[in-house]
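J.: Below are the structure tokens for one structure; questions will follow.
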Amino acid sequence: LSVIRIRAAQMLQDRVNSELVELNMPQVKFEVCLERKEVPSRNGMDKVDFLFSPNPGEPPRPLLRIASGGELSRFVLALKTVLAEVYQVPTLIFDEIDVGVGGSALNAMARKLSHLALSHQVILVTHSAQVASFAHTHYLIEKQIENNHTFTRVRGLDGEKRVQEIARMLAGDNSPLTLEHARLLLKNKSGDSPRTY
């Protein structure tokens, strides 16, 4: 079992590092560290740790201790992308996985999610107009309080409602400039392959 784990750890490490490059993290190094235990447990003789080096020259350290929020978000996406292929999971759900990510890294993440949606159903909760603009289908989730009770409502958006929501996500308003920007974001993504998230 330990020999199989060592082989699997190397494959996982290589695949996740390739995904991290695509997510605009070329300098990051991810390692799977296997250490032999003195006494076996119900999980076997191996202790497994995920190690992470965010910058060249830094030694790998435990991922959960040193990764920033944005780094952790992209790592989780890379890991889920690799494991989704192995486990053939039909639906992937991400709740604000893009938190702490911005600029070109956010675009890379949006492209990765879009690519994943070609082979899986991707359900994604986001506050990012950049990420939302890649989606094929949009739903607006709203909380409302009525008679001291909170209700969550979900509405499908299409056409101009979709444009207005992207504009709201961009700038909090529906000014002519913001609406035009939203239309451009959606138009630039519409030439891509169809997505299902």
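Identifiers in this document derive from the order of the structure tokens: chains are assigned A, B, ..., residues are numbered from 1 separately in each chain, and ligands are numbered from 1 in order of occurrence.
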List as a PDB file with N, CA and C atoms, in the first residue's frame the protein and nucleic acid residues near Asn55 of chain A, meaning an atom at most 6 Å away when only C-alpha atoms are counted, but skip any in the same chain fewer than 2 places from it.
T.:
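What follows is the written file selection-v2.pdb:
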```pdb
ATOM      1  N   GLN A  27       5.419  29.845 -10.192  1.00  0.00           N
ATOM      2  CA  GLN A  27       6.524  29.728  -9.240  1.00  0.00           C
ATOM      3  C   GLN A  27       6.198  28.823  -8.055  1.00  0.00           C
ATOM      4  N   VAL A  28       4.916  28.523  -7.866  1.00  0.00           N
ATOM      5  CA  VAL A  28       4.485  27.734  -6.720  1.00  0.00           C
ATOM      6  C   VAL A  28       4.880  26.275  -6.910  1.00  0.00           C
ATOM      7  N   SER A  53       5.262  25.647  -1.433  1.00  0.00           N
ATOM      8  CA  SER A  53       6.279  26.697  -1.465  1.00  0.00           C
ATOM      9  C   SER A  53       5.789  27.771  -2.428  1.00  0.00           C
ATOM     10  N   GLU A  58      12.072  29.312  -1.251  1.00  0.00           N
ATOM     11  CA  GLU A  58      11.462  29.031   0.046  1.00  0.00           C
ATOM     12  C   GLU A  58      11.238  27.529   0.176  1.00  0.00           C
TER      13      GLU A  58
END
```
J.: Going by DSSP on the backbone, which residues of segment 3-105 of chain A come out as strand (DSSP E)? List them as a PyMOL selection string.
T.: chain A and resi 29-41+44-53+61-62+91-95
J.: Taking N, CA, C and O atoms for each residue, export the selection above as a short mmCIF file (atom, residue, chain, number, x, y, z; two decimals), in the first residue's frame.
T.:
```
data_model
loop_
_atom_site.label_atom_id
_atom_site.label_comp_id
_atom_site.auth_asym_id
_atom_site.auth_seq_id
_atom_site.Cartn_x
_atom_site.Cartn_y
_atom_site.Cartn_z
N LYS A 29 5.34 25.66 -5.84
CA LYS A 29 5.65 24.23 -5.88
C LYS A 29 4.82 23.52 -4.81
O LYS A 29 4.82 23.90 -3.65
N PHE A 30 4.13 22.49 -5.24
CA PHE A 30 3.31 21.67 -4.36
C PHE A 30 3.97 20.30 -4.23
O PHE A 30 4.44 19.74 -5.22
N GLU A 31 4.05 19.80 -3.02
CA GLU A 31 4.63 18.48 -2.78
C GLU A 31 3.71 17.66 -1.89
O GLU A 31 3.08 18.20 -0.98
N VAL A 32 3.67 16.35 -2.16
CA VAL A 32 2.99 15.42 -1.27
C VAL A 32 4.07 14.71 -0.49
O VAL A 32 4.94 14.06 -1.07
N CYS A 33 4.05 14.88 0.82
CA CYS A 33 5.07 14.30 1.69
C CYS A 33 4.49 13.07 2.40
O CYS A 33 3.47 13.17 3.08
N LEU A 34 5.15 11.94 2.21
CA LEU A 34 4.75 10.69 2.88
C LEU A 34 5.82 10.33 3.91
O LEU A 34 6.99 10.23 3.57
N GLU A 35 5.40 10.17 5.14
CA GLU A 35 6.33 9.76 6.20
C GLU A 35 5.82 8.46 6.81
O GLU A 35 4.63 8.29 7.03
N ARG A 36 6.76 7.58 7.10
CA ARG A 36 6.40 6.30 7.73
C ARG A 36 6.14 6.49 9.21
O ARG A 36 6.91 7.13 9.91
N LYS A 37 5.05 5.91 9.68
CA LYS A 37 4.73 5.94 11.11
C LYS A 37 5.44 4.77 11.80
O LYS A 37 5.74 3.76 11.17
N GLU A 38 5.68 4.95 13.07
CA GLU A 38 6.28 3.85 13.82
C GLU A 38 5.25 2.75 14.08
O GLU A 38 5.58 1.57 14.10
N VAL A 39 4.03 3.19 14.31
CA VAL A 39 2.95 2.23 14.60
C VAL A 39 1.83 2.46 13.58
O VAL A 39 1.41 3.59 13.38
N PRO A 40 1.35 1.39 12.92
CA PRO A 40 0.28 1.59 11.94
C PRO A 40 -1.02 2.03 12.61
O PRO A 40 -1.30 1.69 13.75
N SER A 41 -1.79 2.81 11.86
CA SER A 41 -3.12 3.21 12.31
C SER A 41 -4.13 2.60 11.34
O SER A 41 -3.75 1.87 10.43
N GLY A 44 -3.14 3.01 7.81
CA GLY A 44 -1.92 2.38 7.33
C GLY A 44 -0.67 2.92 8.00
O GLY A 44 -0.73 3.54 9.06
N MET A 45 0.47 2.71 7.35
CA MET A 45 1.78 3.08 7.91
C MET A 45 2.23 4.47 7.49
O MET A 45 3.32 4.90 7.86
N ASP A 46 1.42 5.19 6.70
CA ASP A 46 1.88 6.45 6.12
C ASP A 46 1.15 7.65 6.69
O ASP A 46 -0.06 7.63 6.85
N LYS A 47 1.92 8.69 6.97
CA LYS A 47 1.36 10.00 7.33
C LYS A 47 1.54 10.88 6.09
O LYS A 47 2.64 10.99 5.55
N VAL A 48 0.45 11.48 5.62
CA VAL A 48 0.48 12.27 4.39
C VAL A 48 0.29 13.75 4.72
O VAL A 48 -0.62 14.11 5.45
N ASP A 49 1.18 14.58 4.17
CA ASP A 49 1.06 16.03 4.32
C ASP A 49 1.16 16.68 2.94
O ASP A 49 1.92 16.23 2.09
N PHE A 50 0.38 17.75 2.75
CA PHE A 50 0.51 18.57 1.55
C PHE A 50 1.41 19.75 1.90
O PHE A 50 1.11 20.51 2.81
N LEU A 51 2.52 19.87 1.17
CA LEU A 51 3.47 20.96 1.40
C LEU A 51 3.41 21.94 0.24
O LEU A 51 3.08 21.58 -0.89
N PHE A 52 3.79 23.16 0.51
CA PHE A 52 3.57 24.26 -0.42
C PHE A 52 4.72 25.25 -0.31
O PHE A 52 5.12 25.61 0.80
N SER A 53 5.26 25.65 -1.43
CA SER A 53 6.28 26.70 -1.46
C SER A 53 5.79 27.77 -2.43
O SER A 53 5.81 27.57 -3.65
N ARG A 61 6.46 24.09 3.03
CA ARG A 61 5.92 23.99 4.40
C ARG A 61 4.46 23.57 4.30
O ARG A 61 3.87 23.63 3.23
N PRO A 62 3.85 23.17 5.42
CA PRO A 62 2.44 22.72 5.35
C PRO A 62 1.53 23.77 4.72
O PRO A 62 1.52 24.94 5.11
N THR A 91 -20.78 16.45 -11.00
CA THR A 91 -21.12 17.82 -10.61
C THR A 91 -20.10 18.33 -9.61
O THR A 91 -19.79 17.66 -8.62
N LEU A 92 -19.59 19.53 -9.87
CA LEU A 92 -18.65 20.19 -8.95
C LEU A 92 -19.32 21.45 -8.43
O LEU A 92 -19.87 22.23 -9.21
N ILE A 93 -19.27 21.64 -7.12
CA ILE A 93 -19.88 22.81 -6.50
C ILE A 93 -18.79 23.64 -5.83
O ILE A 93 -18.01 23.10 -5.03
N PHE A 94 -18.73 24.91 -6.18
CA PHE A 94 -17.75 25.82 -5.61
C PHE A 94 -18.49 27.01 -4.99
O PHE A 94 -19.27 27.66 -5.66
N ASP A 95 -18.22 27.27 -3.73
CA ASP A 95 -18.84 28.39 -3.04
C ASP A 95 -17.79 29.47 -2.82
O ASP A 95 -16.95 29.35 -1.93
#
```
J.: Just want the 12 Å neighbourhood of Leu113 of chain A, counted on only C-alpha atoms, with same-chain residues fewer than 3 positions away dropped. Output as a VMD selection string.
T.: chain A and resid 19 22 to 23 74 76 to 78 80 to 81 92 to 94 97 to 98 106 to 110 116 to 126 130 to 136 195 to 197
J.: Work out how far atom CA of Ser104 of chain A is from atom CA of Thr137 of chain A, in Å to one decimal.
T.: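 Interatomic distance, atom CA of Thr137 of chain A to atom CA of Ser104 of chain A: 23.1 Å.
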J.: Excluding segment 158-161 of chain A and residues on its chain fewer than 4 positions from it, collect all residues at most 9 Å away from it, counting only C-alpha atoms, and give them as a PDB file with all heavy atoms, in the first residue's frame.
T.:
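Below is the file that was written, selection11.pdb:
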```pdb
ATOM      1  N   THR A 137     -25.236  29.899 -17.794  1.00  0.00           N
ATOM      2  CA  THR A 137     -26.514  30.129 -17.135  1.00  0.00           C
ATOM      3  C   THR A 137     -26.277  30.889 -15.840  1.00  0.00           C
ATOM      4  O   THR A 137     -25.350  30.565 -15.099  1.00  0.00           O
ATOM      5  CB  THR A 137     -27.207  28.784 -16.810  1.00  0.00           C
ATOM      6  OG1 THR A 137     -27.330  28.036 -18.022  1.00  0.00           O
ATOM      7  CG2 THR A 137     -28.575  29.002 -16.200  1.00  0.00           C
ATOM      8  N   HIS A 138     -27.106  31.898 -15.577  1.00  0.00           N
ATOM      9  CA  HIS A 138     -26.967  32.701 -14.361  1.00  0.00           C
ATOM     10  C   HIS A 138     -28.225  32.626 -13.510  1.00  0.00           C
ATOM     11  O   HIS A 138     -29.333  32.672 -14.037  1.00  0.00           O
ATOM     12  CB  HIS A 138     -26.739  34.183 -14.714  1.00  0.00           C
ATOM     13  CG  HIS A 138     -25.401  34.452 -15.310  1.00  0.00           C
ATOM     14  ND1 HIS A 138     -25.221  34.690 -16.638  1.00  0.00           N
ATOM     15  CD2 HIS A 138     -24.178  34.514 -14.743  1.00  0.00           C
ATOM     16  CE1 HIS A 138     -23.937  34.896 -16.882  1.00  0.00           C
ATOM     17  NE2 HIS A 138     -23.281  34.786 -15.744  1.00  0.00           N
ATOM     18  N   TYR A 139     -28.003  32.538 -12.206  1.00  0.00           N
ATOM     19  CA  TYR A 139     -29.085  32.621 -11.225  1.00  0.00           C
ATOM     20  C   TYR A 139     -28.700  33.670 -10.190  1.00  0.00           C
ATOM     21  O   TYR A 139     -27.547  33.752  -9.788  1.00  0.00           O
ATOM     22  CB  TYR A 139     -29.306  31.280 -10.518  1.00  0.00           C
ATOM     23  CG  TYR A 139     -29.835  30.206 -11.435  1.00  0.00           C
ATOM     24  CD1 TYR A 139     -28.971  29.345 -12.095  1.00  0.00           C
ATOM     25  CD2 TYR A 139     -31.198  30.068 -11.653  1.00  0.00           C
ATOM     26  CE1 TYR A 139     -29.443  28.374 -12.954  1.00  0.00           C
ATOM     27  CE2 TYR A 139     -31.685  29.092 -12.508  1.00  0.00           C
ATOM     28  CZ  TYR A 139     -30.805  28.249 -13.158  1.00  0.00           C
ATOM     29  OH  TYR A 139     -31.283  27.284 -14.009  1.00  0.00           O
ATOM     30  N   GLU A 165     -27.255  42.397 -13.883  1.00  0.00           N
ATOM     31  CA  GLU A 165     -26.623  41.782 -12.706  1.00  0.00           C
ATOM     32  C   GLU A 165     -25.106  41.819 -12.808  1.00  0.00           C
ATOM     33  O   GLU A 165     -24.414  42.090 -11.835  1.00  0.00           O
ATOM     34  CB  GLU A 165     -27.125  40.349 -12.510  1.00  0.00           C
ATOM     35  CG  GLU A 165     -26.561  39.664 -11.288  1.00  0.00           C
ATOM     36  CD  GLU A 165     -26.811  40.394  -9.973  1.00  0.00           C
ATOM     37  OE1 GLU A 165     -27.742  41.236  -9.875  1.00  0.00           O
ATOM     38  OE2 GLU A 165     -26.050  40.135  -9.009  1.00  0.00           O
ATOM     39  N   ILE A 166     -24.567  41.578 -13.986  1.00  0.00           N
ATOM     40  CA  ILE A 166     -23.110  41.686 -14.173  1.00  0.00           C
ATOM     41  C   ILE A 166     -22.672  43.126 -13.902  1.00  0.00           C
ATOM     42  O   ILE A 166     -21.658  43.364 -13.242  1.00  0.00           O
ATOM     43  CB  ILE A 166     -22.690  41.233 -15.591  1.00  0.00           C
ATOM     44  CG1 ILE A 166     -22.959  39.735 -15.792  1.00  0.00           C
ATOM     45  CG2 ILE A 166     -21.221  41.552 -15.860  1.00  0.00           C
ATOM     46  CD1 ILE A 166     -22.095  38.793 -14.983  1.00  0.00           C
TER      47      ILE A 166
END
```
